[in-house]
$ cat start-v7.cif   # mmCIF, C-alpha atoms
data_data
loop_
_atom_site.label_atom_id
_atom_site.label_comp_id
_atom_site.auth_asym_id
_atom_site.auth_seq_id
_atom_site.Cartn_x
_atom_site.Cartn_y
_atom_site.Cartn_z
CA MET A 570 94.51 125.08 108.06
CA ILE A 571 97.61 126.81 106.80
CA ASP A 572 100.67 125.71 108.72
CA LYS A 573 104.06 126.25 107.10
CA GLN A 574 106.04 124.50 109.81
CA VAL A 575 108.14 121.53 108.78
CA ASP A 576 109.64 119.17 111.32
CA SER A 577 113.24 118.91 110.18
CA LEU A 578 115.95 120.83 108.42
CA ILE A 579 116.48 118.13 105.84
CA THR A 580 112.75 118.04 104.99
CA ALA A 581 112.83 121.81 104.61
CA VAL A 582 115.57 121.75 101.96
CA SER A 583 114.84 118.32 100.39
CA ASP A 584 113.66 119.60 96.98
CA ILE A 585 116.62 121.90 96.28
CA PHE A 586 117.80 120.50 92.97
CA ASP A 587 121.11 120.44 91.09
CA GLY A 588 121.57 123.68 89.17
CA ALA A 589 119.14 125.67 91.34
CA THR A 590 119.61 129.37 92.13
CA VAL A 591 119.60 129.82 95.90
CA MET A 592 119.51 133.16 97.70
CA ILE A 593 121.05 132.95 101.16
CA GLY A 594 120.36 135.72 103.68
CA GLY A 595 123.03 137.31 105.83
CA PHE A 596 125.60 140.08 105.83
CA GLY A 597 128.72 138.34 107.06
CA GLU A 598 127.51 136.23 109.97
CA ALA A 599 124.59 138.51 110.88
CA GLY A 600 121.47 136.74 109.64
CA SER A 601 123.30 133.78 108.13
CA PRO A 602 121.00 130.71 108.28
CA ILE A 603 123.83 128.33 109.19
CA GLU A 604 121.63 125.33 110.08
CA LEU A 605 119.78 125.52 106.74
CA ILE A 606 123.09 125.86 104.86
CA HIS A 607 124.44 122.81 106.66
CA ALA A 608 121.26 120.91 105.74
CA LEU A 609 121.91 121.85 102.10
CA ILE A 610 125.42 120.43 102.47
CA ASP A 611 123.91 117.21 103.87
CA LEU A 612 121.50 117.11 100.91
CA GLY A 613 124.38 117.53 98.47
CA ALA A 614 122.67 119.47 95.64
CA LYS A 615 125.35 120.59 93.18
CA ASN A 616 126.06 123.15 90.51
CA LEU A 617 124.21 125.82 92.48
CA THR A 618 124.17 129.55 91.78
CA VAL A 619 124.25 131.25 95.16
CA VAL A 620 123.28 134.86 95.86
CA ASN A 621 124.72 136.36 99.06
CA ASN A 622 126.50 139.61 99.87
CA ASN A 623 129.71 137.74 100.74
CA THR A 624 131.25 134.29 100.34
CA GLY A 625 131.41 133.07 103.95
CA SER A 626 134.23 132.73 106.43
CA GLY A 627 136.20 129.85 107.90
CA HIS A 628 134.98 126.36 107.03
CA VAL A 629 131.35 126.51 108.17
CA GLY A 630 128.11 127.87 106.71
CA LEU A 631 128.36 129.41 103.24
CA ALA A 632 132.15 128.88 103.04
CA ALA A 633 131.60 125.16 103.77
CA LEU A 634 128.94 124.92 101.05
CA ILE A 635 131.42 126.42 98.58
CA GLU A 636 134.27 124.27 99.88
CA ASN A 637 132.10 121.17 99.41
CA GLY A 638 132.07 121.87 95.66
CA GLN A 639 128.31 122.55 95.47
CA VAL A 640 128.50 126.11 94.15
CA ALA A 641 129.24 126.79 90.47
CA LYS A 642 128.64 130.54 90.64
CA MET A 643 128.45 133.28 93.28
CA ILE A 644 126.51 136.49 92.77
CA CYS A 645 127.77 138.90 95.42
CA SER A 646 129.14 142.36 96.18
CA TYR A 647 132.05 141.62 98.47
CA PRO A 648 133.71 138.21 98.18
CA ARG A 649 136.81 139.14 100.22
CA THR A 650 135.82 139.22 103.88
CA VAL A 651 138.30 138.77 106.70
CA GLY A 652 138.63 135.04 107.34
CA SER A 653 137.30 134.06 103.93
CA MET A 654 139.86 131.81 102.23
CA VAL A 655 137.73 129.14 100.56
CA PHE A 656 136.26 131.32 97.81
CA PRO A 657 139.47 133.23 96.93
CA GLU A 658 141.35 129.97 96.38
CA LEU A 659 138.68 128.45 94.14
CA TYR A 660 138.23 131.71 92.25
CA GLN A 661 141.92 132.11 91.56
CA SER A 662 142.15 128.55 90.26
CA GLY A 663 139.16 129.19 87.98
CA LYS A 664 136.90 126.66 89.73
CA ILE A 665 134.07 129.03 90.60
CA GLU A 666 132.39 131.81 88.67
CA LEU A 667 131.81 135.27 90.16
CA GLU A 668 129.25 137.88 89.16
CA LEU A 669 130.26 141.01 91.05
CA VAL A 670 127.36 143.41 91.70
CA PRO A 671 127.41 146.69 93.67
CA GLN A 672 125.66 146.09 96.99
CA GLY A 673 122.76 148.46 96.37
CA THR A 674 122.27 147.17 92.84
CA LEU A 675 122.25 143.64 94.26
CA ALA A 676 119.57 144.60 96.80
CA GLU A 677 117.49 146.41 94.16
CA ARG A 678 117.83 143.53 91.69
CA ILE A 679 116.50 141.16 94.35
CA ARG A 680 113.70 143.54 95.34
CA SER A 681 112.75 144.01 91.67
CA GLY A 682 112.79 140.28 91.05
CA GLY A 683 110.35 139.83 93.89
CA ALA A 684 108.16 142.70 92.70
CA GLY A 685 107.77 141.49 89.12
CA ILE A 686 110.05 144.18 87.67
CA PRO A 687 112.29 142.63 84.99
CA ALA A 688 114.82 145.47 84.81
CA PHE A 689 115.49 149.02 86.02
CA TYR A 690 117.93 151.91 85.54
CA THR A 691 120.37 153.13 88.20
CA ALA A 692 123.16 155.72 88.42
CA THR A 693 125.29 153.25 90.38
CA SER A 694 128.36 152.03 88.42
CA VAL A 695 128.02 154.54 85.54
CA GLY A 696 131.50 155.17 84.12
CA THR A 697 133.03 152.17 85.91
CA PRO A 698 134.12 148.72 84.68
CA LEU A 699 130.94 147.22 86.18
CA ALA A 700 128.82 149.15 83.65
CA GLU A 701 130.70 147.84 80.63
CA GLY A 702 128.50 146.04 78.10
CA LYS A 703 125.29 147.16 79.83
CA GLU A 704 122.55 149.19 78.19
CA GLN A 705 122.67 152.87 79.21
CA ARG A 706 120.07 155.62 79.01
CA HIS A 707 119.88 159.31 79.68
CA PHE A 708 117.14 160.71 81.93
CA ASP A 709 116.97 164.40 82.96
CA GLY A 710 120.57 165.01 81.96
CA HIS A 711 122.06 162.04 83.80
CA ASP A 712 123.34 158.64 82.66
CA TYR A 713 121.90 155.41 84.02
CA VAL A 714 122.78 151.74 83.62
CA MET A 715 120.17 149.04 83.07
CA GLU A 716 120.21 146.19 85.56
CA TYR A 717 118.04 143.07 85.57
CA GLY A 718 115.75 141.92 88.36
CA LEU A 719 117.00 138.79 90.09
CA LYS A 720 114.83 135.80 91.03
CA ALA A 721 115.69 132.50 92.65
CA ASP A 722 114.34 128.99 92.95
CA PHE A 723 114.91 129.01 96.71
CA ALA A 724 115.75 131.43 99.51
CA LEU A 725 117.25 130.34 102.82
CA ILE A 726 116.81 132.93 105.56
CA LYS A 727 116.90 133.30 109.34
CA CYS A 728 114.49 135.23 111.52
CA LYS A 729 113.82 135.81 115.18
CA GLN A 730 110.13 135.01 115.34
CA ALA A 731 107.58 133.41 113.01
CA ASP A 732 103.97 132.28 113.17
CA ARG A 733 102.35 129.42 111.23
CA TYR A 734 101.39 131.77 108.38
CA GLY A 735 105.00 132.73 107.85
CA ASN A 736 104.75 136.26 109.20
CA LEU A 737 108.27 137.12 110.30
CA ILE A 738 110.21 139.56 112.44
CA TYR A 739 113.97 139.79 112.55
CA ASN A 740 116.76 140.69 114.96
CA LYS A 741 118.54 144.04 114.47
CA THR A 742 121.00 144.12 111.54
CA ALA A 743 120.48 140.39 110.94
CA ARG A 744 117.47 141.45 108.84
CA ASN A 745 119.62 142.71 105.93
CA PHE A 746 118.73 140.77 102.73
CA ALA A 747 116.15 138.36 104.20
CA PRO A 748 112.88 140.25 103.51
CA ILE A 749 113.72 140.93 99.86
CA MET A 750 115.08 137.42 99.25
CA ALA A 751 111.84 136.01 100.68
CA MET A 752 110.03 138.02 97.99
CA ALA A 753 112.32 137.00 95.12
CA ALA A 754 112.36 133.21 95.57
CA ASN A 755 109.81 130.67 94.36
CA THR A 756 110.26 128.74 97.60
CA THR A 757 111.33 130.58 100.75
CA ILE A 758 112.64 128.44 103.58
CA VAL A 759 113.00 130.06 107.00
CA GLN A 760 114.76 129.07 110.17
CA ALA A 761 113.09 130.83 113.09
CA GLU A 762 114.42 131.15 116.62
CA SER A 763 110.90 130.83 117.91
CA LEU A 764 107.44 130.06 116.60
CA VAL A 765 104.54 131.93 118.17
CA LYS A 766 100.77 131.73 117.86
CA ALA A 767 99.13 133.63 115.03
CA GLY A 768 98.35 137.11 116.33
CA GLU A 769 101.23 137.24 118.80
CA ILE A 770 103.26 139.22 116.30
CA ASP A 771 101.35 142.49 116.15
CA ALA A 772 100.12 142.96 112.57
CA GLU A 773 101.61 146.48 112.67
CA ASN A 774 105.05 145.00 113.35
CA VAL A 775 105.16 142.19 110.78
CA VAL A 776 108.25 142.74 108.62
CA THR A 777 107.81 139.89 106.14
CA PRO A 778 104.14 139.05 105.49
CA GLY A 779 103.46 135.30 105.36
CA ILE A 780 102.62 135.22 101.65
CA PHE A 781 106.37 135.39 100.91
CA VAL A 782 107.18 132.36 103.08
CA ASP A 783 106.75 128.66 102.30
CA ARG A 784 108.44 126.63 105.05
CA ILE A 785 109.51 127.27 108.61
CA VAL A 786 111.85 125.20 110.79
CA THR A 787 112.33 126.19 114.40
CA ILE A 788 115.98 126.36 115.45
CA THR A 789 115.92 127.63 119.00
CA ASN A 790 119.61 128.30 119.53
CA PRO A 791 121.16 128.92 116.13
CA ALA A 792 124.93 128.56 115.85
CA GLN A 793 127.02 131.70 115.58
CA GLU A 794 129.45 131.63 112.70
CA SER A 795 132.24 133.50 114.51
CA LYS A 796 131.96 131.17 117.50
CA LEU A 797 132.19 128.07 115.30
CA ILE A 798 135.22 129.56 113.55
CA ALA A 799 136.88 130.42 116.89
CA GLU A 800 136.35 126.78 117.92
CA GLY A 801 138.06 125.65 114.70
CA ARG A 802 134.92 123.87 113.47
CA VAL A 803 134.74 122.44 109.96
CA TYR A 804 131.50 121.29 108.27
CA PRO A 805 130.68 118.56 107.43
CA MET B 938 142.30 164.49 108.78
CA ALA B 939 139.28 162.92 110.45
CA LYS B 940 139.26 165.79 112.97
CA ARG B 941 139.26 168.42 110.23
CA ALA B 942 136.55 166.64 108.20
CA ALA B 943 134.37 166.44 111.32
CA LEU B 944 134.22 170.27 111.45
CA ASP B 945 132.40 170.21 108.09
CA ILE B 946 129.59 167.92 109.27
CA PRO B 947 126.64 170.26 110.00
CA ASN B 948 124.14 169.84 112.80
CA GLY B 949 121.22 167.64 111.76
CA SER B 950 123.03 165.76 108.97
CA TYR B 951 122.47 162.15 107.96
CA VAL B 952 125.94 160.72 107.38
CA ASN B 953 127.50 157.48 106.16
CA LEU B 954 131.13 156.89 107.18
CA GLY B 955 133.31 154.46 105.22
CA ILE B 956 135.36 151.73 106.82
CA GLY B 957 138.73 152.74 108.34
CA ILE B 958 139.84 156.33 108.99
CA PRO B 959 136.46 157.81 107.88
CA GLU B 960 134.86 155.98 110.86
CA LYS B 961 136.94 158.17 113.19
CA VAL B 962 135.13 161.31 112.00
CA ALA B 963 132.24 160.54 114.39
CA GLN B 964 134.39 161.00 117.49
CA TYR B 965 135.47 164.53 116.46
CA VAL B 966 132.14 166.12 115.51
CA PRO B 967 131.97 169.29 117.66
CA GLU B 968 129.70 169.16 120.71
CA GLY B 969 126.25 170.58 120.28
CA ARG B 970 125.74 169.07 116.83
CA GLU B 971 123.40 166.14 116.44
CA VAL B 972 124.41 163.87 113.57
CA ILE B 973 122.63 160.63 112.60
CA TYR B 974 124.88 157.86 111.31
CA HIS B 975 123.71 155.40 108.69
CA THR B 976 125.35 152.04 108.12
CA GLU B 977 124.34 150.42 104.85
CA ASN B 978 123.78 146.95 106.25
CA GLY B 979 120.56 148.29 107.75
CA LEU B 980 120.75 150.74 110.66
CA LEU B 981 120.01 154.45 110.93
CA GLY B 982 121.11 155.84 114.29
CA MET B 983 124.32 153.91 114.76
CA GLY B 984 125.89 154.57 118.15
CA SER B 985 129.37 154.08 119.54
CA VAL B 986 131.32 150.86 119.93
CA PRO B 987 129.88 148.62 122.68
CA ALA B 988 131.79 147.90 125.88
CA SER B 989 133.85 144.73 125.77
CA GLY B 990 131.54 141.79 126.48
CA ASP B 991 128.42 143.64 125.26
CA GLU B 992 129.01 142.89 121.56
CA ASP B 993 126.07 141.42 119.65
CA PRO B 994 126.95 139.54 116.43
CA GLU B 995 123.60 140.61 115.00
CA LEU B 996 124.21 144.32 115.65
CA ILE B 997 127.08 145.25 113.38
CA ASN B 998 128.19 147.95 110.94
CA ALA B 999 129.16 147.71 107.27
CA GLY B 1000 132.70 146.77 108.32
CA LYS B 1001 131.12 143.83 110.21
CA LYS B 1002 132.23 145.26 113.57
CA ALA B 1003 129.98 145.32 116.62
CA VAL B 1004 128.18 148.64 117.15
CA THR B 1005 125.26 149.95 119.20
CA ALA B 1006 121.97 151.58 118.23
CA ILE B 1007 121.03 154.95 119.75
CA PRO B 1008 117.58 155.47 121.30
CA GLY B 1009 115.49 156.43 118.27
CA ALA B 1010 117.41 154.21 115.87
CA ALA B 1011 115.73 152.19 113.11
CA PHE B 1012 116.53 148.84 111.50
CA PHE B 1013 115.52 148.07 107.91
CA HIS B 1014 116.28 145.70 105.06
CA HIS B 1015 118.91 146.22 102.37
CA ALA B 1016 116.62 147.59 99.66
CA ASP B 1017 115.36 150.30 102.04
CA SER B 1018 118.90 151.01 103.22
CA PHE B 1019 120.14 151.49 99.68
CA SER B 1020 117.07 153.55 98.80
CA MET B 1021 118.32 156.00 101.44
CA ILE B 1022 121.64 156.04 99.59
CA ARG B 1023 120.54 155.84 95.95
CA GLY B 1024 117.48 158.03 96.47
CA GLN B 1025 119.71 160.91 97.64
CA HIS B 1026 118.35 160.99 101.18
CA LEU B 1027 121.76 160.94 102.89
CA ASP B 1028 123.57 164.28 103.18
CA ILE B 1029 127.22 163.30 103.44
CA CYS B 1030 129.38 160.25 102.82
CA VAL B 1031 133.04 160.13 103.88
CA LEU B 1032 135.19 157.60 102.06
CA GLY B 1033 138.81 156.56 101.57
CA ALA B 1034 140.55 156.73 98.19
CA MET B 1035 143.27 155.17 96.10
CA GLN B 1036 143.07 158.02 93.55
CA VAL B 1037 140.97 161.16 93.03
CA SER B 1038 141.08 163.03 89.72
CA GLU B 1039 140.80 166.76 88.96
CA GLN B 1040 137.29 166.07 87.66
CA GLY B 1041 136.26 164.41 90.91
CA ASP B 1042 136.50 160.84 89.64
CA LEU B 1043 137.14 158.40 92.48
CA ALA B 1044 139.00 155.07 92.42
CA ASN B 1045 138.86 153.19 95.70
CA TRP B 1046 137.78 149.59 95.13
CA SER B 1047 140.27 147.76 92.93
CA THR B 1048 143.83 148.02 91.66
CA GLY B 1049 142.64 146.26 88.51
CA GLU B 1050 145.40 143.66 88.77
CA PRO B 1051 144.41 140.50 86.92
CA ASP B 1052 144.83 138.14 89.90
CA ALA B 1053 143.04 140.44 92.39
CA ILE B 1054 139.66 139.29 93.67
CA PRO B 1055 137.28 142.14 92.85
CA ALA B 1056 135.10 143.34 95.75
CA VAL B 1057 133.04 146.50 95.55
CA GLY B 1058 130.49 146.44 98.38
CA GLY B 1059 128.41 149.61 98.58
CA ALA B 1060 131.05 152.12 97.41
CA MET B 1061 129.58 152.65 93.91
CA ASP B 1062 126.09 153.15 95.36
CA LEU B 1063 127.32 155.67 97.93
CA VAL B 1064 129.22 157.87 95.46
CA ALA B 1065 126.37 157.75 92.94
CA GLY B 1066 123.65 158.55 95.44
CA VAL B 1067 124.81 160.58 98.43
CA LYS B 1068 124.50 164.36 97.98
CA THR B 1069 128.00 165.33 99.19
CA ILE B 1070 131.07 163.10 98.95
CA TYR B 1071 134.09 163.78 101.15
CA VAL B 1072 137.30 161.83 100.71
CA ILE B 1073 139.88 161.33 103.46
CA THR B 1074 143.25 160.12 102.24
CA GLN B 1075 146.98 160.49 102.60
CA HIS B 1076 148.08 162.98 99.94
CA CYS B 1077 150.63 160.50 98.55
CA THR B 1078 151.10 156.73 98.58
CA LYS B 1079 153.78 155.19 100.81
CA GLY B 1080 155.99 155.28 97.72
CA GLY B 1081 155.53 159.08 97.48
CA VAL B 1082 153.22 159.05 94.44
CA SER B 1083 150.38 161.58 94.43
CA LYS B 1084 146.90 160.16 94.96
CA LEU B 1085 145.49 163.38 93.51
CA VAL B 1086 145.84 162.90 89.76
CA GLU B 1087 144.89 164.37 86.38
CA SER B 1088 142.95 161.22 85.59
CA CYS B 1089 142.64 157.95 87.51
CA THR B 1090 144.60 154.94 86.29
CA TYR B 1091 142.81 152.51 88.64
CA PRO B 1092 139.27 151.30 87.84
CA LEU B 1093 136.72 153.96 88.80
CA THR B 1094 134.20 153.77 91.62
CA GLY B 1095 132.33 156.76 90.20
CA LYS B 1096 132.76 159.62 87.73
CA LYS B 1097 132.67 163.28 88.85
CA VAL B 1098 131.49 162.40 92.33
CA VAL B 1099 134.00 163.83 94.86
CA ASN B 1100 133.30 167.28 96.35
CA ARG B 1101 136.10 167.72 98.90
CA ILE B 1102 139.34 165.97 99.85
CA TYR B 1103 141.01 165.98 103.29
CA THR B 1104 144.66 164.96 103.10
CA ASP B 1105 147.55 165.16 105.57
CA LEU B 1106 148.68 168.30 103.69
CA ALA B 1107 145.50 170.24 102.88
CA VAL B 1108 141.76 170.52 102.49
CA ILE B 1109 141.02 170.62 98.76
CA ASP B 1110 137.80 171.21 96.82
CA VAL B 1111 137.18 169.67 93.42
CA THR B 1112 136.14 172.57 91.15
CA PRO B 1113 135.63 172.98 87.39
CA ALA B 1114 139.04 174.73 87.32
CA GLY B 1115 140.85 171.91 89.14
CA PHE B 1116 141.93 171.13 92.69
CA GLN B 1117 141.26 174.23 94.78
CA ILE B 1118 143.12 174.58 98.09
CA VAL B 1119 140.67 175.51 100.84
CA GLU B 1120 143.10 175.29 103.70
CA LEU B 1121 146.69 174.19 104.17
CA ALA B 1122 147.72 171.99 107.10
CA PRO B 1123 149.71 173.86 109.81
CA SER B 1124 153.22 174.83 108.60
CA VAL B 1125 152.64 173.43 105.11
CA TYR B 1126 153.32 175.72 102.11
CA PHE B 1127 151.42 175.75 98.81
CA GLU B 1128 154.56 174.92 96.79
CA TYR B 1129 155.15 171.84 98.94
CA VAL B 1130 151.64 170.56 98.21
CA GLN B 1131 151.90 171.43 94.53
CA GLN B 1132 155.10 169.40 94.16
CA ARG B 1133 153.22 166.42 95.57
CA THR B 1134 150.08 166.80 93.45
CA ALA B 1135 149.81 165.30 89.97
CA GLY B 1136 147.03 167.62 88.82
CA GLN B 1137 146.17 171.28 88.50
CA LEU B 1138 146.33 172.87 91.99
CA LEU B 1139 144.93 176.33 92.68
CA PRO B 1140 146.20 178.37 95.67
CA GLU B 1141 144.00 179.40 98.57
CA LYS B 1142 141.64 182.23 97.65
#

$ encode --input "start-v7.cif" --output "structure tokens"
Amino acid sequence: MIDKQVDSLITAVSDIFDGATVMIGGFGEAGSPIELIHALIDLGAKNLTVVNNNTGSGHVGLAALIENGQVAKMICSYPRTVGSMVFPELYQSGKIELELVPQGTLAERIRSGGAGIPAFYTATSVGTPLAEGKEQRHFDGHDYVMEYGLKADFALIKCKQADRYGNLIYNKTARNFAPIMAMAANTTIVQAESLVKAGEIDAENVVTPGIFVDRIVTITNPAQESKLIAEGRVYP
Amino acid sequence: MAKRAALDIPNGSYVNLGIGIPEKVAQYVPEGREVIYHTENGLLGMGSVPASGDEDPELINAGKKAVTAIPGAAFFHHADSFSMIRGQHLDICVLGAMQVSEQGDLANWSTGEPDAIPAVGGAMDLVAGVKTIYVITQHCTKGGVSKLVESCTYPLTGKKVVNRIYTDLAVIDVTPAGFQIVELAPSVYFEYVQQRTAGQLLPEK
């Protein structure tokens, strides 16, 4: 019988190795898998390349992972969110690398990585500093920049509901990068607010089909980043 | 400026509003027009700001502020959201600017200072993909320097992308001949605007 449930957070993340590339879902706090990130902090894997739209806020979740010295490089579109001070400080002192990618290019690179497409051309960033040094081509009278598909060793994502096959549905704008990261990672680890019987999620409504998912941990009441920050929480 | 830009949003348009003053455009769209708002983090059919206490941290806009979804709204992942943008499905995007050039080049994401932390978000995707790009900006910086320029000195967001500019002094189209005044703000004269514009400015037709 296929059953992708695992019984603890630490078991779920236990094989994340030093130097791994880890995609982490979320747009700001919406969709951020805080419990899985904290488990990765407990595990202590270092020298990670992390893909996320932002760089976290306060001293919990992604910001705490960075603050704990586990991240060598961030691939993101917007590292300067309100309340994000950990990344800016490390970046300015040269202690963390940044690959800045336009948000849509980031999404398409992840989607392509998951779809077996090694590279593609886009009009985004043509004529800007972010196109410098990249291959360009002309199609139908317009210039395009070549961008590479992006894959990862692991993805950490959050969803609202899962079944044992790994079929997932999400909650509103917390969906953001999760479905495409699930496709682009070798091992996709999910924290689900609830686990339901196979068939309870209508097949017409499945957002992420189970083939893209490897492990599921049920976290019934996930922490809210902004609430933790308001309470002055620091992890670990 | 937001009020004036709102008049140019036609009934039935799909629109993306940038963070800040562009967001205000939604409240001034004339009654009787139905406009669908897209927010690039994954919602088509964004509604107004929720009442205090009704905020949902998982229902936010691109500026990470709490919003609502209208009946008939749709949620989707980032690759779909940016396919709407990059695949030229959105009609209008309204953005802020640091500089706009005579050719329609836009700079709005970085001053290019060496110690600045670069952050681009979806701006480059929006200007490259949305059919019509409107810019809302003060005509000059706080120091009195024109934001409308012959060519941008800040790093570009996109080349030849801006269609129309709404400033505190005028509505201006970007044309092959230069900045074309469409309309002057009440009690503002052409010469006054020209003195404050660092590019070729053509009078109202």

$ closest_residue --input "start-v7.cif" --among "A:Leu617, A:Ile585, A:Met750, A:Ala799" --to "A:Arg678" --atoms "all atoms listed in the file"
A:Met750

$ atom_distance --input "start-v7.cif" --atom1 "atom CA of A:Thr618" --atom2 "atom CA of A:Ile593"
10.5 Å

$ closest_atom_pairs --input "start-v7.cif" --of "stretch 599-642 of chain A" --to "stretch 961-984 of chain B" --cutoff "12 Å" --atoms "only C-alpha atoms" --output "CSV"
residue,atom,partner,partner_atom,distance
A:Ala599,CA,B:Asn978,CA,9.7
A:Gly600,CA,B:Asn978,CA,11.0
A:Asn622,CA,B:Asn978,CA,10.1

$ resolve_selection --input "start-v7.cif" --expression "the PyMOL selection byres ((chain A) within 9 of (chain B))" --output "MDAnalysis selection string"
chainID A and resid 596:600 622 645:649 657 660:661 669:677 679:680 691:698 740:749 793 795

$ atom_distance --input "start-v7.cif" --atom1 "atom CA of A:Ile571" --atom2 "atom CA of A:Pro791"
25.4 Å

$ closest_atom_pairs --input "start-v7.cif" --of "stretch 1011-1128 of chain B" --to "stretch 953-956 of chain B" --cutoff "6 Å" --atoms "only C-alpha atoms" --output "CSV"
residue,atom,partner,partner_atom,distance
B:Cys1030,CA,B:Asn953,CA,4.7
B:Val1031,CA,B:Leu954,CA,5.0
B:Leu1032,CA,B:Gly955,CA,4.8

$ atom_distance --input "start-v7.cif" --atom1 "atom CA of A:Val782" --atom2 "atom CA of A:Pro687"
21.4 Å

$ residues_around --input "start-v7.cif" --residues "B:Met938" --least-positions-apart "6" --cutoff "8 Å" --atoms "all atoms listed in the file" --output "PDB file with C-alpha atoms, in the frame of the given file"
ATOM      1  CA  ILE B1073     139.880 161.330 103.460  1.00  0.00           C
ATOM      2  CA  THR B1074     143.250 160.120 102.240  1.00  0.00           C
ATOM      3  CA  TYR B1103     141.010 165.980 103.290  1.00  0.00           C
ATOM      4  CA  THR B1104     144.660 164.960 103.100  1.00  0.00           C
ATOM      5  CA  ASP B1105     147.550 165.160 105.570  1.00  0.00           C
TER       6      ASP B1105
END

$ resolve_selection --input "start-v7.cif" --expression "the PyMOL selection byres ((chain A and resi 723) around 8)" --output "list in words"
Ile585, Ala589, Thr590, Val591, Met592, Ala721, Asp722, Ala724, Leu725, Ala754, Asn755, Thr756, Thr757 and Ile758 of chain A

$ resolve_selection --input "start-v7.cif" --expression "the PyMOL selection byres ((chain A and resi 731) around 9)" --output "ChimeraX atom specification"
/A:728-730,732-738,759-767,770,779,785,787

$ closest_residue --input "start-v7.cif" --among "B:Ile958, B:Val1072, B:Ala1010, B:Ile946" --to "B:Val1037" --atoms "all atoms listed in the file"
B:Val1072

$ closest_residue --input "start-v7.cif" --among "A:Leu797, A:Phe708, A:Leu667, A:Ile726" --to "A:Ala633" --atoms "only C-alpha atoms"
A:Leu797

$ residues_around --input "start-v7.cif" --residues "B:Ile1070" --least-positions-apart "2" --cutoff "6 Å" --atoms "all atoms listed in the file" --output "ChimeraX atom specification"
/B:1029-1030,1099-1100

$ closest_residue --input "start-v7.cif" --among "B:Cys1089, B:Val1098, B:Ile1007, B:Cys1077" --to "B:Ser1047" --atoms "all atoms listed in the file"
B:Cys1089

$ residues_around --input "start-v7.cif" --residues "A:Lys664" --least-positions-apart "4" --cutoff "12 Å" --atoms "only C-alpha atoms" --output "PyMOL selection string"
chain A and resi 616+635-636+638-643+655-660

$ axis_aligned_box --input "start-v7.cif" --around "stretch 580-597 of chain A" --padding-each-side "3 Å" --output "JSON"
{"center_x": 120.7, "center_y": 129.1, "center_z": 98.1, "size_x": 22.0, "size_y": 28.0, "size_z": 23.9}

$ residues_around --input "start-v7.cif" --residues "A:Glu716" --least-positions-apart "5" --cutoff "7 Å" --atoms "all atoms listed in the file" --output "ChimeraX atom specification"
/A:688-690

$ residues_around --input "start-v7.cif" --residues "stretch 1118-1124 of chain B" --least-positions-apart "5" --cutoff "8 Å" --atoms "all atoms listed in the file" --output "CSV table (one decimal) with C-alpha atoms, keeping the file's coordinate frame"
chain,number,residue,atom,x,y,z
B,1105,ASP,CA,147.6,165.2,105.6
B,1106,LEU,CA,148.7,168.3,103.7
B,1107,ALA,CA,145.5,170.2,102.9
B,1108,VAL,CA,141.8,170.5,102.5
B,1109,ILE,CA,141.0,170.6,98.8
B,1110,ASP,CA,137.8,171.2,96.8
B,1138,LEU,CA,146.3,172.9,92.0
B,1139,LEU,CA,144.9,176.3,92.7
B,1140,PRO,CA,146.2,178.4,95.7
B,1141,GLU,CA,144.0,179.4,98.6
B,1142,LYS,CA,141.6,182.2,97.6
